[in-house]
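Listing of query_4.cif, mmCIF, C-alpha atoms
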```
data_entry
loop_
_atom_site.label_atom_id
_atom_site.label_comp_id
_atom_site.auth_asym_id
_atom_site.auth_seq_id
_atom_site.Cartn_x
_atom_site.Cartn_y
_atom_site.Cartn_z
CA MET A 458 38.86 8.57 287.30
CA GLU A 459 40.59 7.29 284.22
CA TYR A 460 39.93 7.67 280.53
CA PRO A 461 38.24 4.67 278.92
CA GLN A 462 40.73 2.16 277.56
CA SER A 463 39.97 2.69 273.84
CA PHE A 464 40.40 6.40 274.44
CA GLU A 465 43.78 5.97 276.11
CA GLU A 466 44.91 3.64 273.33
CA LEU A 467 44.06 6.16 270.61
CA VAL A 468 45.79 8.93 272.56
CA GLU A 469 48.91 6.76 272.90
CA CYS A 470 48.83 6.07 269.16
CA PHE A 471 48.46 9.75 268.25
CA LYS A 472 51.44 10.49 270.50
CA MET A 473 53.62 8.41 268.16
CA LEU A 474 53.17 11.17 265.58
CA PRO A 475 55.73 14.00 265.55
CA GLY A 476 54.91 17.19 267.44
CA ILE A 477 51.88 15.66 269.14
CA GLY A 478 52.05 15.53 272.92
CA ASN A 479 49.50 14.40 275.47
CA LYS A 480 47.21 17.43 275.28
CA ALA A 481 47.20 17.56 271.48
CA ALA A 482 46.58 13.81 271.26
CA GLN A 483 43.58 14.16 273.58
CA ARG A 484 42.25 17.01 271.50
CA LEU A 485 42.52 14.87 268.36
CA ALA A 486 40.79 11.97 270.11
CA TYR A 487 37.88 14.19 271.19
CA HIS A 488 37.63 15.35 267.60
CA VAL A 489 37.54 11.78 266.31
CA LEU A 490 34.62 11.17 268.69
CA ASP A 491 32.65 13.85 266.85
CA MET A 492 33.68 12.72 263.35
CA ASN A 493 31.27 10.55 261.45
CA GLN A 494 31.86 6.84 261.10
CA GLU A 495 32.79 7.01 257.41
CA ASP A 496 35.51 9.59 257.91
CA VAL A 497 37.12 7.61 260.73
CA GLN A 498 36.98 4.49 258.58
CA ARG A 499 38.53 6.44 255.71
CA LEU A 500 41.39 7.71 257.87
CA SER A 501 41.98 4.24 259.23
CA ASN A 502 42.02 2.68 255.77
CA SER A 503 44.18 5.38 254.25
CA LEU A 504 46.87 4.66 256.84
CA ILE A 505 46.96 1.01 255.87
CA ASN A 506 46.85 1.72 252.12
CA PHE A 507 49.53 4.34 252.47
CA LYS A 508 51.84 1.96 254.33
CA LYS A 509 51.15 -0.79 251.79
CA ASN A 510 51.56 1.29 248.62
CA ILE A 511 54.11 3.98 249.33
CA GLN A 512 57.77 3.11 249.38
CA TYR A 513 61.10 4.61 248.50
CA CYS A 514 62.27 4.37 244.87
CA LYS A 515 64.98 1.71 244.69
CA ILE A 516 67.06 3.96 242.43
CA CYS A 517 66.85 7.46 243.89
CA GLY A 518 65.08 7.03 247.24
CA HIS A 519 62.17 9.33 246.34
CA ILE A 520 58.74 8.26 247.59
CA CYS A 521 56.59 6.44 245.05
CA GLU A 522 53.97 3.79 244.52
CA GLY A 523 55.70 0.69 243.17
CA ASP A 524 59.46 0.17 243.31
CA THR A 525 60.64 2.88 240.90
CA CYS A 526 59.52 6.50 240.91
CA ASP A 527 58.01 8.38 237.97
CA ILE A 528 61.09 10.55 237.57
CA CYS A 529 63.54 7.64 237.33
CA LYS A 530 61.15 5.90 234.90
CA ASP A 531 60.78 9.02 232.74
CA GLU A 532 62.94 8.48 229.63
CA SER A 533 62.76 12.17 228.70
CA ARG A 534 64.66 13.33 231.80
CA ASP A 535 68.27 14.46 231.47
CA LYS A 536 70.32 11.54 232.78
CA SER A 537 73.57 13.51 232.86
CA ILE A 538 72.69 15.40 236.00
CA ILE A 539 71.68 14.30 239.49
CA CYS A 540 70.36 16.67 242.13
CA VAL A 541 71.01 15.44 245.67
CA VAL A 542 68.40 16.54 248.23
CA GLU A 543 67.66 15.75 251.86
CA THR A 544 64.04 14.68 251.59
CA SER A 545 61.30 13.85 249.12
CA LYS A 546 59.70 17.16 250.03
CA ASP A 547 62.66 18.88 248.42
CA VAL A 548 62.08 16.94 245.20
CA PHE A 549 58.53 18.28 245.05
CA ALA A 550 59.81 21.80 245.77
CA MET A 551 62.30 21.54 242.90
CA GLU A 552 59.76 20.00 240.54
CA LYS A 553 57.41 22.91 241.13
CA LEU A 554 59.95 25.15 239.36
CA LYS A 555 59.53 23.16 236.15
CA GLU A 556 63.08 24.30 235.31
CA TYR A 557 65.13 21.30 236.33
CA HIS A 558 64.88 18.26 234.09
CA GLY A 559 67.59 16.02 235.51
CA LEU A 560 67.34 13.21 238.03
CA TYR A 561 67.30 13.29 241.82
CA HIS A 562 68.83 11.44 244.70
CA VAL A 563 67.17 11.63 248.12
CA LEU A 564 69.50 11.24 251.13
CA HIS A 565 66.72 10.83 253.73
CA GLY A 566 68.27 13.24 256.18
CA THR A 567 71.61 14.81 256.91
CA MET A 568 74.74 13.99 258.82
CA SER A 569 74.33 15.02 262.42
CA ILE A 570 77.03 15.07 265.05
CA MET A 571 74.41 15.47 267.76
CA ASP A 572 72.51 12.35 266.69
CA GLY A 573 75.66 10.44 265.72
CA LYS A 574 74.50 10.18 262.10
CA THR A 575 77.28 9.86 259.53
CA LEU A 576 77.19 9.69 255.73
CA ASP A 577 76.89 5.89 256.02
CA ASP A 578 73.49 6.32 257.70
CA LEU A 579 72.21 8.18 254.66
CA ASN A 580 71.16 6.94 251.23
CA VAL A 581 74.65 7.62 249.84
CA HIS A 582 76.00 4.28 248.65
CA SER A 583 73.32 3.98 246.02
CA LEU A 584 74.31 7.44 244.76
CA PHE A 585 77.83 6.29 244.00
CA ASN A 586 76.47 3.17 242.33
CA ARG A 587 74.58 5.46 239.96
CA LEU A 588 77.68 7.37 238.86
CA ASN A 589 78.48 6.05 235.41
CA ASP A 590 79.92 7.76 232.34
CA ASP A 591 76.53 9.32 231.54
CA VAL A 592 76.48 11.39 234.72
CA LYS A 593 78.32 14.69 234.19
CA GLU A 594 77.18 16.72 237.18
CA VAL A 595 75.98 16.19 240.73
CA ILE A 596 74.21 19.20 242.27
CA ILE A 597 74.27 19.10 246.06
CA ALA A 598 71.02 20.74 247.11
CA THR A 599 70.95 19.98 250.82
CA ASN A 600 69.56 22.78 252.99
CA PRO A 601 71.89 25.65 253.90
CA THR A 602 71.66 24.69 257.58
CA ARG A 603 74.57 23.55 259.71
CA GLU A 604 73.73 19.89 259.14
CA GLY A 605 72.98 20.39 255.45
CA GLU A 606 76.24 22.27 254.87
CA THR A 607 78.25 19.63 256.72
CA THR A 608 76.66 16.90 254.64
CA ALA A 609 77.35 18.87 251.47
CA LEU A 610 81.04 19.31 252.36
CA TYR A 611 81.63 15.65 253.17
CA LEU A 612 79.70 14.49 250.15
CA ALA A 613 81.61 16.87 247.88
CA LYS A 614 84.86 15.49 249.23
CA LEU A 615 83.84 11.94 248.39
CA LEU A 616 82.57 12.99 244.98
CA SER A 617 85.86 14.75 244.17
CA LYS A 618 87.40 11.30 243.69
CA GLU A 619 84.81 10.47 241.04
CA ASN A 620 84.83 11.58 237.43
CA VAL A 621 81.97 14.04 237.86
CA ASN A 622 81.45 17.78 238.36
CA THR A 623 80.09 18.60 241.80
CA THR A 624 78.16 21.83 242.32
CA ARG A 625 76.36 23.40 245.26
CA ILE A 626 73.19 25.53 245.06
CA ALA A 627 73.83 29.23 245.71
CA ASN A 628 73.34 31.04 249.00
CA GLY A 629 72.40 34.67 249.27
CA LEU A 630 69.55 37.05 249.90
CA PRO A 631 66.12 35.61 249.12
CA MET A 632 64.29 37.51 246.37
CA GLY A 633 62.00 40.21 247.70
CA SER A 634 63.94 40.45 250.94
CA ASN A 635 65.68 43.36 252.53
CA LEU A 636 69.41 43.89 253.15
CA ASP A 637 68.55 45.59 256.39
CA TYR A 638 66.77 42.56 257.79
CA ALA A 639 69.12 39.88 256.47
CA ASP A 640 71.22 37.95 258.99
CA GLU A 641 74.97 38.48 258.77
CA LEU A 642 75.81 35.02 257.46
CA THR A 643 73.35 35.30 254.59
CA LEU A 644 74.63 38.75 253.71
CA LEU A 645 78.22 37.49 253.83
CA LYS A 646 77.34 34.56 251.54
CA SER A 647 75.54 36.95 249.24
CA LEU A 648 78.65 39.14 249.02
CA GLU A 649 81.01 36.23 248.53
CA GLY A 650 78.83 34.79 245.80
CA ARG A 651 78.59 38.07 243.85
CA LYS A 652 78.59 37.80 240.10
CA LYS A 653 79.42 40.21 237.27
CA ILE A 654 76.31 41.62 235.66
CA MET B 1350 54.88 16.19 239.51
CA GLU B 1351 52.22 15.04 241.89
CA TYR B 1352 52.26 13.13 245.11
CA PRO B 1353 51.34 9.45 244.78
CA GLN B 1354 47.64 8.86 245.24
CA SER B 1355 47.84 6.96 248.55
CA PHE B 1356 50.00 9.77 249.85
CA GLU B 1357 47.50 12.45 248.85
CA GLU B 1358 44.68 10.44 250.37
CA LEU B 1359 46.40 10.16 253.73
CA VAL B 1360 47.23 13.88 253.67
CA GLU B 1361 43.58 14.69 252.95
CA CYS B 1362 42.50 12.46 255.83
CA PHE B 1363 44.95 14.05 258.27
CA LYS B 1364 43.60 17.44 257.23
CA MET B 1365 40.21 16.45 258.67
CA LEU B 1366 41.81 16.65 262.13
CA PRO B 1367 41.69 19.99 263.95
CA GLY B 1368 44.68 22.32 263.69
CA ILE B 1369 46.29 20.25 260.94
CA GLY B 1370 46.79 22.06 257.64
CA ASN B 1371 48.45 20.94 254.45
CA LYS B 1372 52.06 21.26 255.61
CA ALA B 1373 51.44 19.56 258.94
CA ALA B 1374 49.48 16.76 257.24
CA GLN B 1375 52.38 16.15 254.86
CA ARG B 1376 54.82 16.09 257.74
CA LEU B 1377 52.67 13.48 259.49
CA ALA B 1378 52.44 11.40 256.30
CA TYR B 1379 56.23 11.43 255.88
CA HIS B 1380 56.50 10.31 259.47
CA VAL B 1381 54.05 7.46 258.89
CA LEU B 1382 56.30 6.34 256.02
CA ASP B 1383 59.14 5.87 258.50
CA MET B 1384 57.00 4.19 261.17
CA ASN B 1385 57.10 0.44 261.36
CA GLN B 1386 54.24 -1.65 260.00
CA GLU B 1387 52.96 -2.69 263.44
CA ASP B 1388 52.64 0.86 264.73
CA VAL B 1389 50.70 1.99 261.66
CA GLN B 1390 48.42 -1.02 262.03
CA ARG B 1391 47.98 -0.19 265.71
CA LEU B 1392 47.04 3.42 264.96
CA SER B 1393 44.63 2.30 262.25
CA ASN B 1394 42.98 -0.26 264.52
CA SER B 1395 42.77 2.06 267.51
CA LEU B 1396 40.79 4.55 265.42
CA ILE B 1397 38.22 1.90 264.57
CA ASN B 1398 38.06 0.51 268.12
CA PHE B 1399 37.76 4.00 269.54
CA LYS B 1400 34.89 4.87 267.25
CA LYS B 1401 33.21 1.55 268.01
CA ASN B 1402 33.60 1.60 271.80
CA ILE B 1403 33.55 5.21 272.92
CA GLN B 1404 30.26 7.03 273.12
CA TYR B 1405 28.55 9.65 275.23
CA CYS B 1406 26.86 8.52 278.43
CA LYS B 1407 23.08 8.52 277.84
CA ILE B 1408 22.53 10.15 281.22
CA CYS B 1409 25.17 12.85 281.59
CA GLY B 1410 26.88 13.05 278.19
CA HIS B 1411 30.35 12.19 279.52
CA ILE B 1412 32.48 9.93 277.30
CA CYS B 1413 32.45 6.27 278.22
CA GLU B 1414 32.64 2.72 276.96
CA GLY B 1415 29.12 1.29 276.96
CA ASP B 1416 26.01 3.44 277.27
CA THR B 1417 26.39 4.70 280.86
CA CYS B 1418 29.53 6.20 282.36
CA ASP B 1419 31.28 5.00 285.51
CA ILE B 1420 30.26 8.11 287.44
CA CYS B 1421 26.54 7.75 286.71
CA LYS B 1422 26.79 4.03 287.54
CA ASP B 1423 28.60 4.68 290.82
CA GLU B 1424 26.06 4.22 293.63
CA SER B 1425 28.34 5.94 296.16
CA ARG B 1426 28.21 9.32 294.40
CA ASP B 1427 26.14 12.14 295.86
CA LYS B 1428 23.02 12.27 293.71
CA SER B 1429 21.82 15.57 295.19
CA ILE B 1430 24.29 17.67 293.23
CA ILE B 1431 25.00 18.01 289.51
CA CYS B 1432 28.00 19.87 288.14
CA VAL B 1433 27.42 21.22 284.61
CA VAL B 1434 30.57 21.45 282.48
CA GLU B 1435 31.33 22.23 278.84
CA THR B 1436 33.30 19.13 277.90
CA SER B 1437 34.37 15.71 279.12
CA LYS B 1438 37.84 17.16 279.62
CA ASP B 1439 36.41 19.33 282.37
CA VAL B 1440 34.99 16.25 284.11
CA PHE B 1441 38.48 14.75 284.21
CA ALA B 1442 39.87 18.04 285.51
CA MET B 1443 37.28 18.13 288.31
CA GLU B 1444 37.79 14.46 289.15
CA LYS B 1445 41.51 15.03 289.61
CA LEU B 1446 40.66 17.18 292.65
CA LYS B 1447 39.10 14.18 294.41
CA GLU B 1448 36.99 16.72 296.31
CA TYR B 1449 33.75 16.65 294.37
CA HIS B 1450 31.61 13.57 294.81
CA GLY B 1451 28.42 14.59 293.02
CA LEU B 1452 27.32 13.89 289.46
CA TYR B 1453 28.10 15.70 286.23
CA HIS B 1454 26.36 16.93 283.14
CA VAL B 1455 28.37 17.61 279.99
CA LEU B 1456 26.95 20.27 277.64
CA HIS B 1457 29.28 19.50 274.71
CA GLY B 1458 30.11 23.12 274.04
CA THR B 1459 28.73 26.55 274.77
CA MET B 1460 26.21 28.92 273.30
CA SER B 1461 27.86 31.00 270.63
CA ILE B 1462 26.36 33.99 268.89
CA MET B 1463 29.11 33.86 266.27
CA ASP B 1464 28.36 30.25 265.35
CA GLY B 1465 24.62 30.60 265.86
CA LYS B 1466 24.61 28.01 268.63
CA THR B 1467 21.83 28.34 271.20
CA LEU B 1468 21.06 26.38 274.35
CA ASP B 1469 18.97 24.02 272.23
CA ASP B 1470 22.11 22.92 270.37
CA LEU B 1471 23.67 21.79 273.65
CA ASN B 1472 23.01 18.75 275.81
CA VAL B 1473 20.55 20.71 277.96
CA HIS B 1474 17.19 18.95 277.62
CA SER B 1475 18.54 15.81 279.27
CA LEU B 1476 19.72 17.97 282.19
CA PHE B 1477 16.19 19.13 282.92
CA ASN B 1478 14.95 15.56 282.63
CA ARG B 1479 17.38 14.67 285.42
CA LEU B 1480 16.03 17.27 287.83
CA ASN B 1481 13.93 15.31 290.33
CA ASP B 1482 13.35 15.82 294.04
CA ASP B 1483 16.72 14.27 294.87
CA VAL B 1484 18.64 17.00 293.09
CA LYS B 1485 19.25 19.92 295.45
CA GLU B 1486 21.97 21.87 293.66
CA VAL B 1487 23.21 22.48 290.14
CA ILE B 1488 26.74 23.93 289.93
CA ILE B 1489 27.35 25.70 286.63
CA ALA B 1490 31.03 25.14 285.92
CA THR B 1491 31.31 26.40 282.35
CA ASN B 1492 34.55 28.26 281.56
CA PRO B 1493 34.76 31.94 282.59
CA THR B 1494 35.03 32.94 278.93
CA ARG B 1495 32.53 35.09 277.06
CA GLU B 1496 30.75 32.02 275.68
CA GLY B 1497 30.94 30.13 278.95
CA GLU B 1498 29.55 33.07 280.92
CA THR B 1499 26.72 33.61 278.44
CA THR B 1500 25.81 29.93 278.64
CA ALA B 1501 25.90 30.07 282.44
CA LEU B 1502 23.58 33.09 282.53
CA TYR B 1503 20.98 31.61 280.19
CA LEU B 1504 21.14 28.24 281.89
CA ALA B 1505 20.76 29.85 285.33
CA LYS B 1506 17.69 31.70 284.09
CA LEU B 1507 16.07 28.45 282.93
CA LEU B 1508 17.04 26.68 286.16
CA SER B 1509 15.52 29.46 288.28
CA LYS B 1510 12.09 28.10 287.32
CA GLU B 1511 13.00 24.69 288.74
CA ASN B 1512 13.02 23.69 292.38
CA VAL B 1513 16.79 23.59 292.66
CA ASN B 1514 19.64 25.77 293.93
CA THR B 1515 21.83 27.05 291.11
CA THR B 1516 25.42 28.06 291.87
CA ARG B 1517 28.33 29.27 289.75
CA ILE B 1518 32.00 28.48 290.36
CA ALA B 1519 33.98 31.45 291.70
CA ASN B 1520 36.06 33.85 289.65
CA GLY B 1521 39.12 35.60 291.01
CA LEU B 1522 42.87 35.61 291.08
CA PRO B 1523 44.42 32.19 290.46
CA MET B 1524 46.47 30.89 293.39
CA GLY B 1525 50.16 31.76 293.15
CA SER B 1526 49.45 34.67 290.84
CA ASN B 1527 50.25 38.33 291.20
CA LEU B 1528 47.86 41.27 291.60
CA ASP B 1529 50.19 43.33 289.51
CA TYR B 1530 49.92 41.02 286.50
CA ALA B 1531 46.22 40.21 286.76
CA ASP B 1532 43.91 41.54 284.06
CA GLU B 1533 41.35 44.11 285.17
CA LEU B 1534 38.30 41.88 284.77
CA THR B 1535 39.80 39.14 286.92
CA LEU B 1536 40.81 41.65 289.56
CA LEU B 1537 37.32 43.17 289.51
CA LYS B 1538 35.72 39.73 289.91
CA SER B 1539 38.14 38.97 292.69
CA LEU B 1540 37.10 42.15 294.50
CA GLU B 1541 33.39 41.61 293.93
CA GLY B 1542 33.65 38.06 295.22
CA ARG B 1543 35.48 39.00 298.42
CA LYS B 1544 34.61 37.06 301.53
CA LYS B 1545 34.95 37.72 305.25
CA ILE B 1546 37.86 35.87 306.76
#
```
Before we go any further, please render this structure as structure tokens.
Amino acid sequence: MEYPQSFEELVECFKMLPGIGNKAAQRLAYHVLDMNQEDVQRLSNSLINFKKNIQYCKICGHICEGDTCDICKDESRDKSIICVVETSKDVFAMEKLKEYHGLYHVLHGTMSIMDGKTLDDLNVHSLFNRLNDDVKEVIIATNPTREGETTALYLAKLLSKENVNTTRIANGLPMGSNLDYADELTLLKSLEGRKKI
Amino acid sequence: MEYPQSFEELVECFKMLPGIGNKAAQRLAYHVLDMNQEDVQRLSNSLINFKKNIQYCKICGHICEGDTCDICKDESRDKSIICVVETSKDVFAMEKLKEYHGLYHVLHGTMSIMDGKTLDDLNVHSLFNRLNDDVKEVIIATNPTREGETTALYLAKLLSKENVNTTRIANGLPMGSNLDYADELTLLKSLEGRKKI
């Protein structure tokens, strides 16, 4: 007894998505069976439209419709400062603060020894092309994970040869957290990064 | 700073799928961005084909391409016995055994007091229409959960008025399991269902 062919095909397609294995894909397919025709059509169309319209900004690598993103196009942004992040998600996280008014540069990942990914595999060359006399500071805001820290170190080393200040976002205890529950590395970073008040 | 419109639309569409919230939908959308054009097209098409081709068998309610499923069409199956299950998934699970050669009837769910679902909301009427002189036994193989058991009880009561034997699949300790770790209800059922060896 085998699943009908259109069923198998949809399951195979769902399995291309991250974190979706055979069981989950089947569950999604059964759900699609119970969805109404319009919703399925809408999902199908939105995939095509998405793929057609969304691309990476040719300047900073952030996702956008068209070839340049709203931030790079925005004349009111502070062009003297570039914040380097791993993914577009991080740009949205930063923008939510409404405190940072500079530009961004999205690396699309991190260096990874395990996956054999070096700085050359990231969106780094275009960052150096952007460094002109206007740019005074590059903030490296990769995640404080092993891969993110490695990337930050290597990137900082390359940037040290350029005429630009390189900074790294601070590590320490998250606000509202508890010394007692903090892991040792975070506590250590928090102590090392202490400031006079 | 908002997500581009095509991005938002795809995220909204993904959120229609079960178990996929905002974060997961965004993660899927970012993944689609990195998928190649052909794969996205394939996923989009498979949704449409699936919806077009897959439907419920008009006799038993099992999923199939066309209006009657392979099992109902199969002349070699034992027409004297109908196994009632909750979902099509259960049919595939039973078929894997290669031990059962009768027919099936898929209820598409269970009764649920919480959701206000009664027997009338399930694929039950068509079951009674199938009961002719050929049918000697109806096996109720709903899950041994609260909802499944309730459904089995009510269904058995209705079937008792028909000229047919009604049976229920056995409860007890799963093979390879451990008395020590079994929950009390399972152990109780196992004891109640003891057989002479």
- May I have the residues within 12 Å of range 1501-1513 of chain B as number ranges by chain, using all atoms listed in the file and disregarding those fewer than 5 positions away in the same chain? B: 1429-1435, 1456, 1458-1461, 1467-1469, 1471-1474, 1476-1496, 1518
Written as an mmCIF file with C-alpha atoms, in the frame of the given file, what is the full residue list that the PyMOL selection byres ((chain A) within 9 of (chain B)) yields on the file shown?
```
data_model
loop_
_atom_site.group_PDB
_atom_site.id
_atom_site.type_symbol
_atom_site.label_atom_id
_atom_site.label_comp_id
_atom_site.auth_asym_id
_atom_site.auth_seq_id
_atom_site.Cartn_x
_atom_site.Cartn_y
_atom_site.Cartn_z
ATOM 1 C CA MET A 458 38.860 8.570 287.300
ATOM 2 C CA GLU A 459 40.590 7.290 284.220
ATOM 3 C CA TYR A 460 39.930 7.670 280.530
ATOM 4 C CA PRO A 461 38.240 4.670 278.920
ATOM 5 C CA GLN A 462 40.730 2.160 277.560
ATOM 6 C CA SER A 463 39.970 2.690 273.840
ATOM 7 C CA PHE A 464 40.400 6.400 274.440
ATOM 8 C CA GLU A 466 44.910 3.640 273.330
ATOM 9 C CA LEU A 467 44.060 6.160 270.610
ATOM 10 C CA GLU A 469 48.910 6.760 272.900
ATOM 11 C CA CYS A 470 48.830 6.070 269.160
ATOM 12 C CA PHE A 471 48.460 9.750 268.250
ATOM 13 C CA MET A 473 53.620 8.410 268.160
ATOM 14 C CA LEU A 474 53.170 11.170 265.580
ATOM 15 C CA PRO A 475 55.730 14.000 265.550
ATOM 16 C CA GLN A 483 43.580 14.160 273.580
ATOM 17 C CA ARG A 484 42.250 17.010 271.500
ATOM 18 C CA LEU A 485 42.520 14.870 268.360
ATOM 19 C CA ALA A 486 40.790 11.970 270.110
ATOM 20 C CA TYR A 487 37.880 14.190 271.190
ATOM 21 C CA HIS A 488 37.630 15.350 267.600
ATOM 22 C CA VAL A 489 37.540 11.780 266.310
ATOM 23 C CA LEU A 490 34.620 11.170 268.690
ATOM 24 C CA MET A 492 33.680 12.720 263.350
ATOM 25 C CA ASN A 493 31.270 10.550 261.450
ATOM 26 C CA GLN A 494 31.860 6.840 261.100
ATOM 27 C CA ASP A 496 35.510 9.590 257.910
ATOM 28 C CA VAL A 497 37.120 7.610 260.730
ATOM 29 C CA GLN A 498 36.980 4.490 258.580
ATOM 30 C CA ARG A 499 38.530 6.440 255.710
ATOM 31 C CA LEU A 500 41.390 7.710 257.870
ATOM 32 C CA SER A 501 41.980 4.240 259.230
ATOM 33 C CA ASN A 502 42.020 2.680 255.770
ATOM 34 C CA SER A 503 44.180 5.380 254.250
ATOM 35 C CA LEU A 504 46.870 4.660 256.840
ATOM 36 C CA ILE A 505 46.960 1.010 255.870
ATOM 37 C CA ASN A 506 46.850 1.720 252.120
ATOM 38 C CA PHE A 507 49.530 4.340 252.470
ATOM 39 C CA LYS A 508 51.840 1.960 254.330
ATOM 40 C CA LYS A 509 51.150 -0.790 251.790
ATOM 41 C CA ASN A 510 51.560 1.290 248.620
ATOM 42 C CA ILE A 511 54.110 3.980 249.330
ATOM 43 C CA GLN A 512 57.770 3.110 249.380
ATOM 44 C CA ILE A 520 58.740 8.260 247.590
ATOM 45 C CA CYS A 521 56.590 6.440 245.050
ATOM 46 C CA GLU A 522 53.970 3.790 244.520
ATOM 47 C CA ASP A 527 58.010 8.380 237.970
ATOM 48 C CA ILE A 528 61.090 10.550 237.570
ATOM 49 C CA SER A 545 61.300 13.850 249.120
ATOM 50 C CA LYS A 546 59.700 17.160 250.030
ATOM 51 C CA PHE A 549 58.530 18.280 245.050
ATOM 52 C CA GLU A 552 59.760 20.000 240.540
ATOM 53 C CA LYS A 553 57.410 22.910 241.130
#
```
- Name the residues in contact with Gly650 in chain A at a cut-off of 12 Å, using only C-alpha atoms, excluding same-chain residues fewer than 5 positions from it; report them as a list in words.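 Contacts, in chain order: Arg625, Ile626, Ala627, Asn628, Gly629, Leu630, Thr643, Leu644 and Leu645 of chain A.
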- Length of the CA of Leu636 in chain A to CA of Leu648 in chain A vector [Å]: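 A separation of 11.2 Å between them.
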- Task: Enter the distance from CA of Lys536 in chain A to CA of Thr607 in chain A, in Å, rounded to one decimal.
- Result: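 Computed distance, CA of Lys536 in chain A to CA of Thr607 in chain A, equals 26.5 Å.
What the PyMOL selection byres ((chain A and resi 562) around 6) grabs from this file is Cys517, Val541, Tyr561 and Val563 of chain A.
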